[in-house]
Amino acid sequence: MISAFVKSVQSPRVGDSNNSNNGRGGSSTRSFPSVSVSDDESRDADAPTSHYLEMETANKKYNSRNTQEEDPQQVEDEEEVYIVSQRLGYCSILFSLVQTVILIIMMWQCGVAPLSINPMVGPYPDALSEWGGKNAINILEDGEWWRLVTPILLHAGVIHLICNIAVQLETGAFFEREWGSVNWLIVYLTSAVGSSILSTICMPNSVSVGSSGAVMGLFGGKLAEVICRCCEATKTKQQQIGHEVRKEQLGAVLCSVALVMAFSFIPYVDWAAHLGGLVAGLLVGFAVFSCKIHTITWRLLWFLVGFTVTLVCFIMALQYMYVSGEIEPAEELRDVCGYYQQFFEDYECKCMRDENGGGNSGD
């Protein structure tokens with residue numbers, strides 16, 4: 001359901017703002033009769049050029065006359081185009097490709113775990129930690145802060161990857177086409193960090209990977225955009241179309257968020273990462289999409305609210321993580337392979353580094 005909802009928001013035909021024509025980006029032009037040259041005329045090298053100019057002038061007059069005879073309202077209704085910022089979701093495609101390649105390499109290097117250990121059809125859990133998954137003891141005690149970002153590039157298995165990139169390439173890519181790659185990247189990466197922070201705080205004894213927290217942040221960003229632009233004027237046709245599209249998106253996003261959060265409490269799913277990504281995307285979205293508000297006073301107000309609240313929340317969360325001493329991750333997670341061998345008799349360690357920093361071949 002999540003990956004399919006974008007189809008409902010694309011009911012108006014989408015046009016590229018870079019190729020817009022009189023503000024109607026991407027609208028089709030009326031085709032007019034083609035003019036062909038007979039064989040005799042094409043062989044006559046001395047035929048006067050005025051003959052062809054007259055034919056071209058007549059063609060333009062024909063096109064102009066037929067355009068004027070059409071009902072303007074009918075043309076307007078038929079040419080309902082929703083103008084977006086760019087043709088493709090470049091970052092959405094790039095991230096999806098990188099995530100796919102990394103999973104393939106990880107499974108080739110570290111092997112595929114039995115379904116009893118990893119039901120997502122993927123590598124052993126120690127491989128996820130070794131490749132940069134969220135591991136609280138490494139983040140808090142070993143200073144590996146980069147693990148707050150790298151989990152978005154990793155997935156637990158093929159099923160996990162397909163579910164996430166399906167949403168990322170459809171919903172996420174459409175949002176990127178609306179927002180532009182820079183705004184999309186700000187929301188996506190901020191949400192990724194927010195999801196890892198809350199996961200470290202609430203679920204310190206688990207290894208987590210996946211881009212679902214960042215994808216939830218895109219939903220949060222869309223909610224922020226709808227709120228920021230809910231009172232936007234609808235004087236022009238394009239403003240009316242944009243308003244209707246966002247209304248449809250609001251309902252679809254709320255349904256998607258409710259569905260994801262409902263499934264966030266089943267085993268092997270990190271509910272804290274989903275919630276953290278959603279909240280982070282919503283807050284930073286207020287700062288990002290305040291720039292689209294036409295009234296300067298409201299624009300500055302929403303920007304200050306979004307930027308200030310986002311900054312304060314991140315500072316408080318990081319202080320709680322590193323300074324409070326309240327989070328006590330399991331010491332056993334330093335040796336992820338040994339930790340999981342306690343629970344699975346057939347667990348094989350194929351990807352952990354040895355004491356000298358080299359890779360373990362698993363022999």
# chains A, B, ... in the order shown; residues from 1 in each chain; ligands from 1

call {"tool": "residues_around", "arguments": {"residues": "Ser181 of chain A", "least_positions_apart": "2", "cutoff": "9 Å", "atoms": "only C-alpha atoms", "output": "list in words"}}
result
Ser85, Gln86, Gly89, Tyr90, Cys91, Ser92, Glu176, Arg177, Glu178, Trp179, Asn183, Trp184, Leu185 and Ile186 of chain A

call {"tool": "write_last_selection", "arguments": {"atoms": "all heavy atoms", "output": "tab-separated table (two decimals), in the first residue's frame"}}
result
chain	number	residue	atom	x	y	z
A	85	SER	N	9.80	20.07	-10.00
A	85	SER	CA	11.09	20.75	-10.11
A	85	SER	C	12.03	20.08	-11.10
A	85	SER	O	12.85	20.76	-11.72
A	85	SER	CB	11.76	20.82	-8.73
A	85	SER	OG	10.99	21.59	-7.85
A	86	GLN	N	11.95	18.76	-11.23
A	86	GLN	CA	12.90	18.06	-12.09
A	86	GLN	C	12.27	16.78	-12.64
A	86	GLN	O	11.25	16.32	-12.14
A	86	GLN	CB	14.18	17.73	-11.32
A	86	GLN	CG	13.96	16.90	-10.07
A	86	GLN	CD	15.19	16.87	-9.18
A	86	GLN	OE1	15.76	17.91	-8.83
A	86	GLN	NE2	15.61	15.67	-8.81
A	89	GLY	N	14.03	11.48	-9.98
A	89	GLY	CA	14.51	11.50	-8.60
A	89	GLY	C	15.93	10.93	-8.58
A	89	GLY	O	16.13	9.75	-8.29
A	90	TYR	N	16.91	11.76	-8.87
A	90	TYR	CA	18.28	11.28	-9.06
A	90	TYR	C	18.86	10.66	-7.79
A	90	TYR	O	19.48	9.60	-7.84
A	90	TYR	CB	19.17	12.43	-9.54
A	90	TYR	CG	18.70	13.05	-10.83
A	90	TYR	CD1	18.06	14.30	-10.84
A	90	TYR	CD2	18.86	12.39	-12.04
A	90	TYR	CE1	17.61	14.86	-12.03
A	90	TYR	CE2	18.42	12.95	-13.23
A	90	TYR	CZ	17.78	14.19	-13.21
A	90	TYR	OH	17.33	14.74	-14.39
A	91	CYS	N	18.67	11.32	-6.65
A	91	CYS	CA	19.21	10.80	-5.39
A	91	CYS	C	18.49	9.51	-4.99
A	91	CYS	O	19.12	8.59	-4.46
A	91	CYS	CB	19.09	11.85	-4.29
A	91	CYS	SG	20.18	13.27	-4.51
A	92	SER	N	17.19	9.44	-5.22
A	92	SER	CA	16.44	8.23	-4.90
A	92	SER	C	16.98	7.04	-5.69
A	92	SER	O	17.18	5.95	-5.14
A	92	SER	CB	14.95	8.42	-5.23
A	92	SER	OG	14.42	9.53	-4.56
A	176	GLU	N	11.08	13.76	-4.49
A	176	GLU	CA	12.30	14.44	-4.93
A	176	GLU	C	12.04	15.28	-6.18
A	176	GLU	O	12.59	16.38	-6.33
A	176	GLU	CB	13.40	13.42	-5.20
A	176	GLU	CG	14.73	14.07	-5.56
A	176	GLU	CD	15.83	13.07	-5.84
A	176	GLU	OE1	15.60	11.87	-5.64
A	176	GLU	OE2	16.93	13.50	-6.26
A	177	ARG	N	11.22	14.78	-7.08
A	177	ARG	CA	10.88	15.56	-8.27
A	177	ARG	C	10.11	16.82	-7.90
A	177	ARG	O	10.26	17.86	-8.54
A	177	ARG	CB	10.04	14.71	-9.22
A	177	ARG	CG	10.79	13.52	-9.82
A	177	ARG	CD	9.87	12.63	-10.61
A	177	ARG	NE	9.33	13.33	-11.77
A	177	ARG	CZ	8.28	12.92	-12.47
A	177	ARG	NH1	7.63	11.82	-12.11
A	177	ARG	NH2	7.87	13.61	-13.51
A	178	GLU	N	9.30	16.75	-6.86
A	178	GLU	CA	8.58	17.94	-6.39
A	178	GLU	C	9.51	18.92	-5.69
A	178	GLU	O	9.47	20.12	-5.95
A	178	GLU	CB	7.48	17.52	-5.41
A	178	GLU	CG	6.31	16.79	-6.00
A	178	GLU	CD	5.26	16.50	-4.94
A	178	GLU	OE1	5.58	15.79	-3.96
A	178	GLU	OE2	4.13	16.98	-5.08
A	179	TRP	N	10.33	18.42	-4.78
A	179	TRP	CA	11.12	19.27	-3.90
A	179	TRP	C	12.44	19.74	-4.52
A	179	TRP	O	12.94	20.80	-4.16
A	179	TRP	CB	11.45	18.53	-2.59
A	179	TRP	CG	10.26	18.05	-1.82
A	179	TRP	CD1	8.96	18.45	-1.98
A	179	TRP	CD2	10.26	17.06	-0.78
A	179	TRP	NE1	8.15	17.77	-1.09
A	179	TRP	CE2	8.92	16.92	-0.35
A	179	TRP	CE3	11.24	16.29	-0.18
A	179	TRP	CZ2	8.55	16.02	0.67
A	179	TRP	CZ3	10.88	15.42	0.83
A	179	TRP	CH2	9.55	15.29	1.25
A	183	ASN	N	16.71	19.70	-1.36
A	183	ASN	CA	15.75	19.63	-0.26
A	183	ASN	C	15.49	18.18	0.14
A	183	ASN	O	15.38	17.85	1.32
A	183	ASN	CB	14.43	20.30	-0.66
A	183	ASN	CG	14.57	21.80	-0.76
A	183	ASN	OD1	15.47	22.40	-0.17
A	183	ASN	ND2	13.69	22.43	-1.51
A	184	TRP	N	15.38	17.30	-0.87
A	184	TRP	CA	15.14	15.88	-0.59
A	184	TRP	C	16.28	15.29	0.22
A	184	TRP	O	16.07	14.54	1.19
A	184	TRP	CB	14.99	15.12	-1.91
A	184	TRP	CG	14.59	13.69	-1.78
A	184	TRP	CD1	13.32	13.19	-1.81
A	184	TRP	CD2	15.46	12.56	-1.63
A	184	TRP	NE1	13.34	11.82	-1.69
A	184	TRP	CE2	14.64	11.41	-1.57
A	184	TRP	CE3	16.83	12.42	-1.54
A	184	TRP	CZ2	15.16	10.12	-1.42
A	184	TRP	CZ3	17.36	11.13	-1.38
A	184	TRP	CH2	16.53	10.02	-1.33
A	185	LEU	N	17.51	15.64	-0.15
A	185	LEU	CA	18.68	15.09	0.53
A	185	LEU	C	18.76	15.59	1.98
A	185	LEU	O	19.14	14.83	2.88
A	185	LEU	CB	19.94	15.49	-0.23
A	185	LEU	CG	21.18	14.62	-0.05
A	185	LEU	CD1	20.89	13.18	-0.43
A	185	LEU	CD2	22.33	15.18	-0.89
A	186	ILE	N	18.40	16.85	2.20
A	186	ILE	CA	18.41	17.40	3.56
A	186	ILE	C	17.44	16.62	4.45
A	186	ILE	O	17.77	16.20	5.56
A	186	ILE	CB	18.05	18.89	3.55
A	186	ILE	CG1	19.16	19.70	2.90
A	186	ILE	CG2	17.81	19.40	4.97
A	186	ILE	CD1	18.82	21.16	2.68

call {"tool": "residues_around", "arguments": {"residues": "segment 125-137 of chain A", "least_positions_apart": "5", "cutoff": "9 Å", "atoms": "only C-alpha atoms", "output": "PyMOL selection string"}}
result
chain A and resi 106-107+110-111+113+117-118+142+146-156+196+199-201+203-210+327-331+333-338+340+349-353

call {"tool": "write_last_selection", "arguments": {"atoms": "N, CA and C atoms", "output": "compact mmCIF listing (two decimals), in the first residue's frame"}}
result
# COMPACT_ATOMS: atom_id res chain seq x y z
N MET A 106 27.76 -7.89 0.23
CA MET A 106 27.74 -8.40 1.60
C MET A 106 27.37 -9.88 1.64
N MET A 107 26.36 -10.27 0.84
CA MET A 107 25.94 -11.67 0.80
C MET A 107 26.99 -12.54 0.13
N CYS A 110 29.96 -12.57 2.95
CA CYS A 110 29.64 -13.10 4.29
C CYS A 110 28.67 -14.27 4.27
N GLY A 111 28.15 -14.63 3.12
CA GLY A 111 27.25 -15.77 3.05
C GLY A 111 25.81 -15.40 3.35
N ALA A 113 22.49 -16.39 5.53
CA ALA A 113 22.11 -17.10 6.75
C ALA A 113 20.86 -17.94 6.51
N ILE A 117 17.60 -17.97 11.13
CA ILE A 117 18.40 -16.90 11.72
C ILE A 117 18.03 -15.55 11.12
N ASN A 118 17.90 -15.50 9.80
CA ASN A 118 17.54 -14.26 9.11
C ASN A 118 16.40 -14.53 8.14
N ASP A 142 32.97 3.42 21.64
CA ASP A 142 34.11 3.35 20.73
C ASP A 142 34.21 4.56 19.80
N TRP A 146 29.85 7.54 12.99
CA TRP A 146 29.39 7.37 11.61
C TRP A 146 28.33 6.29 11.48
N ARG A 147 28.20 5.45 12.50
CA ARG A 147 27.15 4.43 12.49
C ARG A 147 25.75 5.03 12.62
N LEU A 148 25.66 6.32 12.88
CA LEU A 148 24.36 6.98 12.89
C LEU A 148 23.85 7.23 11.47
N VAL A 149 24.75 7.16 10.49
CA VAL A 149 24.38 7.44 9.09
C VAL A 149 24.41 6.18 8.23
N THR A 150 25.43 5.35 8.41
CA THR A 150 25.64 4.21 7.50
C THR A 150 24.52 3.17 7.49
N PRO A 151 23.71 3.02 8.54
CA PRO A 151 22.65 2.00 8.45
C PRO A 151 21.69 2.17 7.28
N ILE A 152 21.53 3.39 6.75
CA ILE A 152 20.59 3.58 5.63
C ILE A 152 21.10 2.92 4.36
N LEU A 153 22.39 2.60 4.30
CA LEU A 153 22.94 1.95 3.11
C LEU A 153 22.84 0.44 3.18
N LEU A 154 22.45 -0.09 4.34
CA LEU A 154 22.44 -1.53 4.57
C LEU A 154 21.02 -2.04 4.73
N HIS A 155 20.83 -3.32 4.37
CA HIS A 155 19.53 -3.97 4.56
C HIS A 155 19.75 -5.39 5.05
N ALA A 156 18.78 -5.87 5.82
CA ALA A 156 18.91 -7.18 6.45
C ALA A 156 18.84 -8.32 5.44
N SER A 196 18.47 6.79 13.77
CA SER A 196 19.52 6.05 14.46
C SER A 196 19.69 6.52 15.90
N SER A 199 16.80 5.11 17.95
CA SER A 199 16.98 3.67 18.05
C SER A 199 18.08 3.33 19.07
N THR A 200 19.16 4.11 19.08
CA THR A 200 20.23 3.89 20.06
C THR A 200 19.73 4.12 21.48
N ILE A 201 18.87 5.12 21.65
CA ILE A 201 18.36 5.44 22.98
C ILE A 201 17.36 4.39 23.46
N MET A 203 16.49 1.29 21.90
CA MET A 203 16.79 -0.12 21.64
C MET A 203 18.30 -0.31 21.53
N PRO A 204 19.02 -0.11 22.66
CA PRO A 204 20.49 -0.16 22.61
C PRO A 204 21.06 -1.57 22.44
N ASN A 205 20.25 -2.60 22.67
CA ASN A 205 20.77 -3.97 22.62
C ASN A 205 20.38 -4.70 21.34
N SER A 206 20.31 -3.96 20.25
CA SER A 206 20.00 -4.59 18.97
C SER A 206 20.85 -3.96 17.88
N VAL A 207 21.13 -4.74 16.85
CA VAL A 207 21.83 -4.25 15.66
C VAL A 207 20.77 -3.94 14.61
N SER A 208 20.73 -2.69 14.14
CA SER A 208 19.67 -2.25 13.23
C SER A 208 20.26 -1.72 11.93
N VAL A 209 19.59 -2.02 10.83
CA VAL A 209 19.98 -1.50 9.52
C VAL A 209 18.70 -1.17 8.74
N GLY A 210 18.87 -0.44 7.65
CA GLY A 210 17.74 -0.17 6.75
C GLY A 210 17.48 1.30 6.55
N ILE A 327 22.15 5.19 29.17
CA ILE A 327 22.09 4.12 28.18
C ILE A 327 23.24 3.14 28.45
N GLU A 328 22.89 1.88 28.67
CA GLU A 328 23.88 0.85 28.96
C GLU A 328 23.71 -0.31 27.99
N PRO A 329 24.33 -0.24 26.83
CA PRO A 329 24.22 -1.34 25.87
C PRO A 329 24.94 -2.58 26.37
N ALA A 330 24.48 -3.73 25.90
CA ALA A 330 25.06 -5.00 26.31
C ALA A 330 26.51 -5.10 25.86
N GLU A 331 27.40 -5.44 26.78
CA GLU A 331 28.82 -5.58 26.47
C GLU A 331 29.05 -6.71 25.46
N LEU A 333 27.66 -7.23 22.77
CA LEU A 333 27.53 -6.79 21.39
C LEU A 333 28.85 -6.34 20.78
N ARG A 334 29.93 -6.31 21.57
CA ARG A 334 31.25 -6.08 20.98
C ARG A 334 31.63 -7.26 20.09
N ASP A 335 31.18 -8.43 20.49
CA ASP A 335 31.39 -9.64 19.69
C ASP A 335 30.01 -10.11 19.22
N VAL A 336 29.55 -9.52 18.12
CA VAL A 336 28.20 -9.81 17.65
C VAL A 336 28.05 -11.28 17.29
N CYS A 337 29.09 -11.84 16.72
CA CYS A 337 29.02 -13.24 16.32
C CYS A 337 28.85 -14.14 17.55
N GLY A 338 29.67 -13.93 18.57
CA GLY A 338 29.54 -14.71 19.79
C GLY A 338 28.21 -14.49 20.48
N TYR A 340 25.27 -13.86 19.05
CA TYR A 340 24.19 -14.60 18.39
C TYR A 340 24.40 -16.11 18.45
N CYS A 349 30.26 -17.73 11.93
CA CYS A 349 30.91 -16.42 11.91
C CYS A 349 31.76 -16.32 10.65
N LYS A 350 31.29 -15.54 9.67
CA LYS A 350 31.99 -15.46 8.38
C LYS A 350 32.49 -14.06 8.04
N CYS A 351 32.13 -13.07 8.85
CA CYS A 351 32.44 -11.71 8.41
C CYS A 351 33.08 -10.84 9.47
N MET A 352 33.34 -11.37 10.66
CA MET A 352 33.93 -10.55 11.71
C MET A 352 35.42 -10.37 11.47
N ARG A 353 35.94 -9.19 11.83
CA ARG A 353 37.37 -8.94 11.74
C ARG A 353 38.11 -9.67 12.84

call {"tool": "residues_around", "arguments": {"residues": "Val187 of chain A", "least_positions_apart": "3", "cutoff": "12 Å", "atoms": "only C-alpha atoms", "output": "short mmCIF file (atom, residue, chain, number, x, y, z; two decimals) with N, CA and C atoms, in the first residue's frame"}}
result
data_model
loop_
_atom_site.label_atom_id
_atom_site.label_comp_id
_atom_site.auth_asym_id
_atom_site.auth_seq_id
_atom_site.Cartn_x
_atom_site.Cartn_y
_atom_site.Cartn_z
N CYS A 91 18.67 11.32 -6.65
CA CYS A 91 19.21 10.80 -5.39
C CYS A 91 18.49 9.51 -4.99
N GLY A 172 9.37 8.10 -2.81
CA GLY A 172 10.52 8.97 -2.56
C GLY A 172 10.97 9.72 -3.79
N PHE A 175 8.55 12.59 -4.54
CA PHE A 175 8.80 13.71 -3.63
C PHE A 175 10.04 14.49 -4.06
N GLU A 176 11.08 13.76 -4.49
CA GLU A 176 12.30 14.44 -4.93
C GLU A 176 12.04 15.28 -6.18
N TRP A 179 10.33 18.42 -4.78
CA TRP A 179 11.12 19.27 -3.90
C TRP A 179 12.44 19.74 -4.52
N GLY A 180 12.99 18.93 -5.38
CA GLY A 180 14.37 19.15 -5.83
C GLY A 180 15.32 18.27 -5.01
N SER A 181 16.44 17.90 -5.59
CA SER A 181 17.35 16.95 -4.95
C SER A 181 17.96 17.48 -3.67
N VAL A 182 18.25 18.78 -3.60
CA VAL A 182 18.89 19.34 -2.40
C VAL A 182 17.96 19.23 -1.21
N ASN A 183 16.71 19.70 -1.36
CA ASN A 183 15.75 19.63 -0.26
C ASN A 183 15.49 18.18 0.14
N TRP A 184 15.38 17.30 -0.87
CA TRP A 184 15.14 15.88 -0.59
C TRP A 184 16.28 15.29 0.22
N THR A 190 18.87 13.93 7.35
CA THR A 190 18.51 14.34 8.71
C THR A 190 17.63 13.28 9.37
N SER A 191 16.69 12.74 8.62
CA SER A 191 15.81 11.69 9.14
C SER A 191 16.59 10.42 9.45
N ALA A 192 17.59 10.12 8.62
CA ALA A 192 18.42 8.93 8.86
C ALA A 192 19.14 9.04 10.19
N VAL A 193 19.73 10.20 10.46
CA VAL A 193 20.44 10.40 11.73
C VAL A 193 19.46 10.37 12.89
N GLY A 194 18.30 11.02 12.72
CA GLY A 194 17.29 11.03 13.79
C GLY A 194 16.80 9.64 14.12
N SER A 195 16.62 8.81 13.11
CA SER A 195 16.14 7.45 13.34
C SER A 195 17.18 6.64 14.11
N GLY A 213 13.78 4.22 8.22
CA GLY A 213 13.70 5.42 9.05
C GLY A 213 13.81 6.68 8.21
N ALA A 214 14.72 6.67 7.23
CA ALA A 214 14.86 7.82 6.34
C ALA A 214 13.64 7.99 5.46
N VAL A 215 13.05 6.88 5.01
CA VAL A 215 11.84 6.94 4.19
C VAL A 215 10.68 7.50 5.01
N MET A 216 10.59 7.09 6.27
CA MET A 216 9.57 7.66 7.14
C MET A 216 9.78 9.17 7.29
N GLY A 217 11.04 9.58 7.28
CA GLY A 217 11.34 11.01 7.33
C GLY A 217 10.82 11.76 6.12
N LEU A 218 10.82 11.10 4.95
CA LEU A 218 10.24 11.73 3.76
C LEU A 218 8.74 11.93 3.94
N PHE A 219 8.07 10.98 4.58
CA PHE A 219 6.65 11.16 4.89
C PHE A 219 6.46 12.33 5.85
N GLY A 220 7.35 12.42 6.86
CA GLY A 220 7.28 13.55 7.78
C GLY A 220 7.52 14.87 7.08
N GLY A 221 8.47 14.88 6.13
CA GLY A 221 8.71 16.10 5.36
C GLY A 221 7.52 16.51 4.53
N LYS A 222 6.82 15.53 3.96
CA LYS A 222 5.62 15.84 3.18
C LYS A 222 4.52 16.43 4.08
N LEU A 223 4.37 15.89 5.28
CA LEU A 223 3.40 16.45 6.22
C LEU A 223 3.75 17.90 6.55
N ALA A 224 5.04 18.17 6.74
CA ALA A 224 5.47 19.55 7.02
C ALA A 224 5.17 20.46 5.84
N GLU A 225 5.40 19.98 4.63
CA GLU A 225 5.11 20.79 3.44
C GLU A 225 3.62 21.11 3.34
N GLY A 277 12.80 8.73 12.62
CA GLY A 277 12.87 9.28 11.27
C GLY A 277 11.68 10.15 10.94
N LEU A 278 10.49 9.72 11.34
CA LEU A 278 9.28 10.49 11.09
C LEU A 278 9.33 11.86 11.76
N VAL A 279 9.70 11.88 13.04
CA VAL A 279 9.74 13.14 13.79
C VAL A 279 10.83 14.06 13.24
N ALA A 280 12.01 13.50 12.94
CA ALA A 280 13.10 14.31 12.41
C ALA A 280 12.73 14.91 11.06
N GLY A 281 12.10 14.11 10.19
CA GLY A 281 11.68 14.62 8.89
C GLY A 281 10.63 15.72 9.00
N LEU A 282 9.72 15.56 9.95
CA LEU A 282 8.68 16.57 10.16
C LEU A 282 9.28 17.89 10.62
N LEU A 283 10.19 17.82 11.59
CA LEU A 283 10.76 19.04 12.14
C LEU A 283 11.65 19.77 11.14
N VAL A 284 12.55 19.04 10.48
CA VAL A 284 13.43 19.71 9.51
C VAL A 284 12.62 20.15 8.30
N GLY A 285 11.50 19.47 8.04
CA GLY A 285 10.63 19.86 6.92
C GLY A 285 10.04 21.24 7.11
N PHE A 286 9.74 21.61 8.35
CA PHE A 286 9.21 22.96 8.61
C PHE A 286 10.23 24.02 8.20
N ALA A 287 11.51 23.76 8.48
CA ALA A 287 12.55 24.72 8.10
C ALA A 287 12.75 24.75 6.59
N VAL A 288 12.73 23.57 5.96
CA VAL A 288 12.99 23.49 4.52
C VAL A 288 11.85 24.10 3.71
N PHE A 289 10.62 23.73 4.04
CA PHE A 289 9.48 24.13 3.20
C PHE A 289 8.87 25.47 3.60
N THR A 310 14.33 21.63 15.67
CA THR A 310 15.20 20.55 15.19
C THR A 310 16.54 20.57 15.89
#

call {"tool": "select_by_dssp", "arguments": {"residues": "segment 124-350 of chain A", "states": "alpha helix (DSSP H)", "output": "ChimeraX atom specification"}}
result
/A:125-130,136-141,158-167,173-179,181-202,212-228,237-262,271-289,296-322,336-341

call {"tool": "residues_around", "arguments": {"residues": "segment 95-97 of chain A", "least_positions_apart": "2", "cutoff": "10 Å", "atoms": "only C-alpha atoms", "output": "ChimeraX atom specification"}}
result
/A:90-93,99-102,152-153,161-162,164-166,168-169,211

call {"tool": "write_last_selection", "arguments": {"atoms": "all heavy atoms", "output": "compact mmCIF listing (two decimals), in the first residue's frame"}}
result
# COMPACT_ATOMS: atom_id res chain seq x y z
N TYR A 90 16.91 11.76 -8.87
CA TYR A 90 18.28 11.28 -9.06
C TYR A 90 18.86 10.66 -7.79
O TYR A 90 19.48 9.60 -7.84
CB TYR A 90 19.17 12.43 -9.54
CG TYR A 90 18.70 13.05 -10.83
CD1 TYR A 90 18.06 14.30 -10.84
CD2 TYR A 90 18.86 12.39 -12.04
CE1 TYR A 90 17.61 14.86 -12.03
CE2 TYR A 90 18.42 12.95 -13.23
CZ TYR A 90 17.78 14.19 -13.21
OH TYR A 90 17.33 14.74 -14.39
N CYS A 91 18.67 11.32 -6.65
CA CYS A 91 19.21 10.80 -5.39
C CYS A 91 18.49 9.51 -4.99
O CYS A 91 19.12 8.59 -4.46
CB CYS A 91 19.09 11.85 -4.29
SG CYS A 91 20.18 13.27 -4.51
N SER A 92 17.19 9.44 -5.22
CA SER A 92 16.44 8.23 -4.90
C SER A 92 16.98 7.04 -5.69
O SER A 92 17.18 5.95 -5.14
CB SER A 92 14.95 8.42 -5.23
OG SER A 92 14.42 9.53 -4.56
N ILE A 93 17.24 7.26 -6.96
CA ILE A 93 17.78 6.20 -7.81
C ILE A 93 19.19 5.83 -7.37
O ILE A 93 19.54 4.64 -7.26
CB ILE A 93 17.78 6.64 -9.29
CG1 ILE A 93 16.33 6.87 -9.77
CG2 ILE A 93 18.48 5.62 -10.16
CD1 ILE A 93 16.24 7.49 -11.14
N GLN A 99 22.46 0.81 -2.35
CA GLN A 99 21.96 -0.15 -1.36
C GLN A 99 21.88 -1.56 -1.93
O GLN A 99 22.20 -2.54 -1.25
CB GLN A 99 20.58 0.31 -0.87
CG GLN A 99 20.64 1.56 -0.02
CD GLN A 99 19.32 2.31 0.06
OE1 GLN A 99 18.35 1.96 -0.61
NE2 GLN A 99 19.26 3.34 0.88
N THR A 100 21.48 -1.67 -3.19
CA THR A 100 21.40 -2.98 -3.83
C THR A 100 22.77 -3.60 -4.01
O THR A 100 22.98 -4.78 -3.71
CB THR A 100 20.69 -2.86 -5.19
OG1 THR A 100 19.38 -2.31 -5.01
CG2 THR A 100 20.56 -4.22 -5.85
N VAL A 101 23.72 -2.81 -4.50
CA VAL A 101 25.08 -3.31 -4.72
C VAL A 101 25.72 -3.75 -3.40
O VAL A 101 26.37 -4.80 -3.32
CB VAL A 101 25.94 -2.24 -5.42
CG1 VAL A 101 27.41 -2.66 -5.44
CG2 VAL A 101 25.44 -1.99 -6.83
N ILE A 102 25.53 -2.96 -2.36
CA ILE A 102 26.12 -3.30 -1.06
C ILE A 102 25.56 -4.62 -0.52
O ILE A 102 26.31 -5.46 -0.01
CB ILE A 102 25.88 -2.16 -0.05
CG1 ILE A 102 26.77 -0.96 -0.39
CG2 ILE A 102 26.16 -2.63 1.38
CD1 ILE A 102 26.57 0.23 0.51
N ILE A 152 21.53 3.39 6.75
CA ILE A 152 20.59 3.58 5.63
C ILE A 152 21.10 2.92 4.36
O ILE A 152 20.31 2.69 3.42
CB ILE A 152 20.32 5.08 5.36
CG1 ILE A 152 21.61 5.79 4.92
CG2 ILE A 152 19.69 5.74 6.55
CD1 ILE A 152 21.36 7.21 4.44
N LEU A 153 22.39 2.60 4.30
CA LEU A 153 22.94 1.95 3.11
C LEU A 153 22.84 0.44 3.18
O LEU A 153 23.12 -0.25 2.20
CB LEU A 153 24.40 2.36 2.91
CG LEU A 153 24.67 3.86 2.74
CD1 LEU A 153 26.17 4.11 2.65
CD2 LEU A 153 23.96 4.40 1.51
N LEU A 161 15.19 -5.23 1.48
CA LEU A 161 15.64 -4.29 0.44
C LEU A 161 14.52 -3.97 -0.53
O LEU A 161 14.28 -2.79 -0.86
CB LEU A 161 16.83 -4.88 -0.30
CG LEU A 161 17.35 -4.06 -1.48
CD1 LEU A 161 18.05 -2.80 -1.00
CD2 LEU A 161 18.30 -4.89 -2.35
N ILE A 162 13.82 -4.98 -1.03
CA ILE A 162 12.76 -4.77 -2.01
C ILE A 162 11.66 -3.87 -1.44
O ILE A 162 11.18 -2.95 -2.12
CB ILE A 162 12.18 -6.12 -2.48
CG1 ILE A 162 13.22 -6.88 -3.31
CG2 ILE A 162 10.91 -5.91 -3.29
CD1 ILE A 162 12.79 -8.27 -3.71
N ASN A 164 11.85 -1.60 0.92
CA ASN A 164 12.30 -0.22 1.11
C ASN A 164 12.53 0.52 -0.21
O ASN A 164 12.11 1.67 -0.37
CB ASN A 164 13.56 -0.19 1.96
CG ASN A 164 13.27 -0.26 3.44
OD1 ASN A 164 12.13 -0.12 3.87
ND2 ASN A 164 14.28 -0.51 4.24
N ILE A 165 13.21 -0.13 -1.16
CA ILE A 165 13.50 0.61 -2.40
C ILE A 165 12.25 0.74 -3.27
O ILE A 165 12.19 1.64 -4.11
CB ILE A 165 14.66 -0.04 -3.19
CG1 ILE A 165 14.28 -1.42 -3.73
CG2 ILE A 165 15.92 -0.08 -2.38
CD1 ILE A 165 15.33 -1.99 -4.67
N ALA A 166 11.24 -0.12 -3.07
CA ALA A 166 9.99 0.05 -3.80
C ALA A 166 9.35 1.38 -3.42
O ALA A 166 8.87 2.15 -4.27
CB ALA A 166 9.04 -1.11 -3.52
N GLN A 168 11.02 3.85 -1.96
CA GLN A 168 12.01 4.89 -2.24
C GLN A 168 12.00 5.31 -3.70
O GLN A 168 12.15 6.49 -4.03
CB GLN A 168 13.39 4.36 -1.86
CG GLN A 168 14.44 5.41 -1.65
CD GLN A 168 15.65 4.86 -0.92
OE1 GLN A 168 15.72 4.92 0.28
NE2 GLN A 168 16.58 4.30 -1.66
N LEU A 169 11.81 4.34 -4.61
CA LEU A 169 11.85 4.64 -6.04
C LEU A 169 10.53 5.17 -6.56
O LEU A 169 10.49 5.74 -7.66
CB LEU A 169 12.24 3.39 -6.82
CG LEU A 169 13.71 2.97 -6.71
CD1 LEU A 169 13.96 1.66 -7.44
CD2 LEU A 169 14.63 4.06 -7.26
N SER A 211 16.88 1.61 5.40
CA SER A 211 16.56 3.00 5.06
C SER A 211 15.13 3.37 5.41
O SER A 211 14.67 4.45 5.05
CB SER A 211 16.79 3.23 3.56
OG SER A 211 15.94 2.38 2.80

call {"tool": "atom_distance", "arguments": {"atom1": "atom CA of Phe174 of chain A", "atom2": "atom CA of Lys292 of chain A"}}
result
17.8 Å
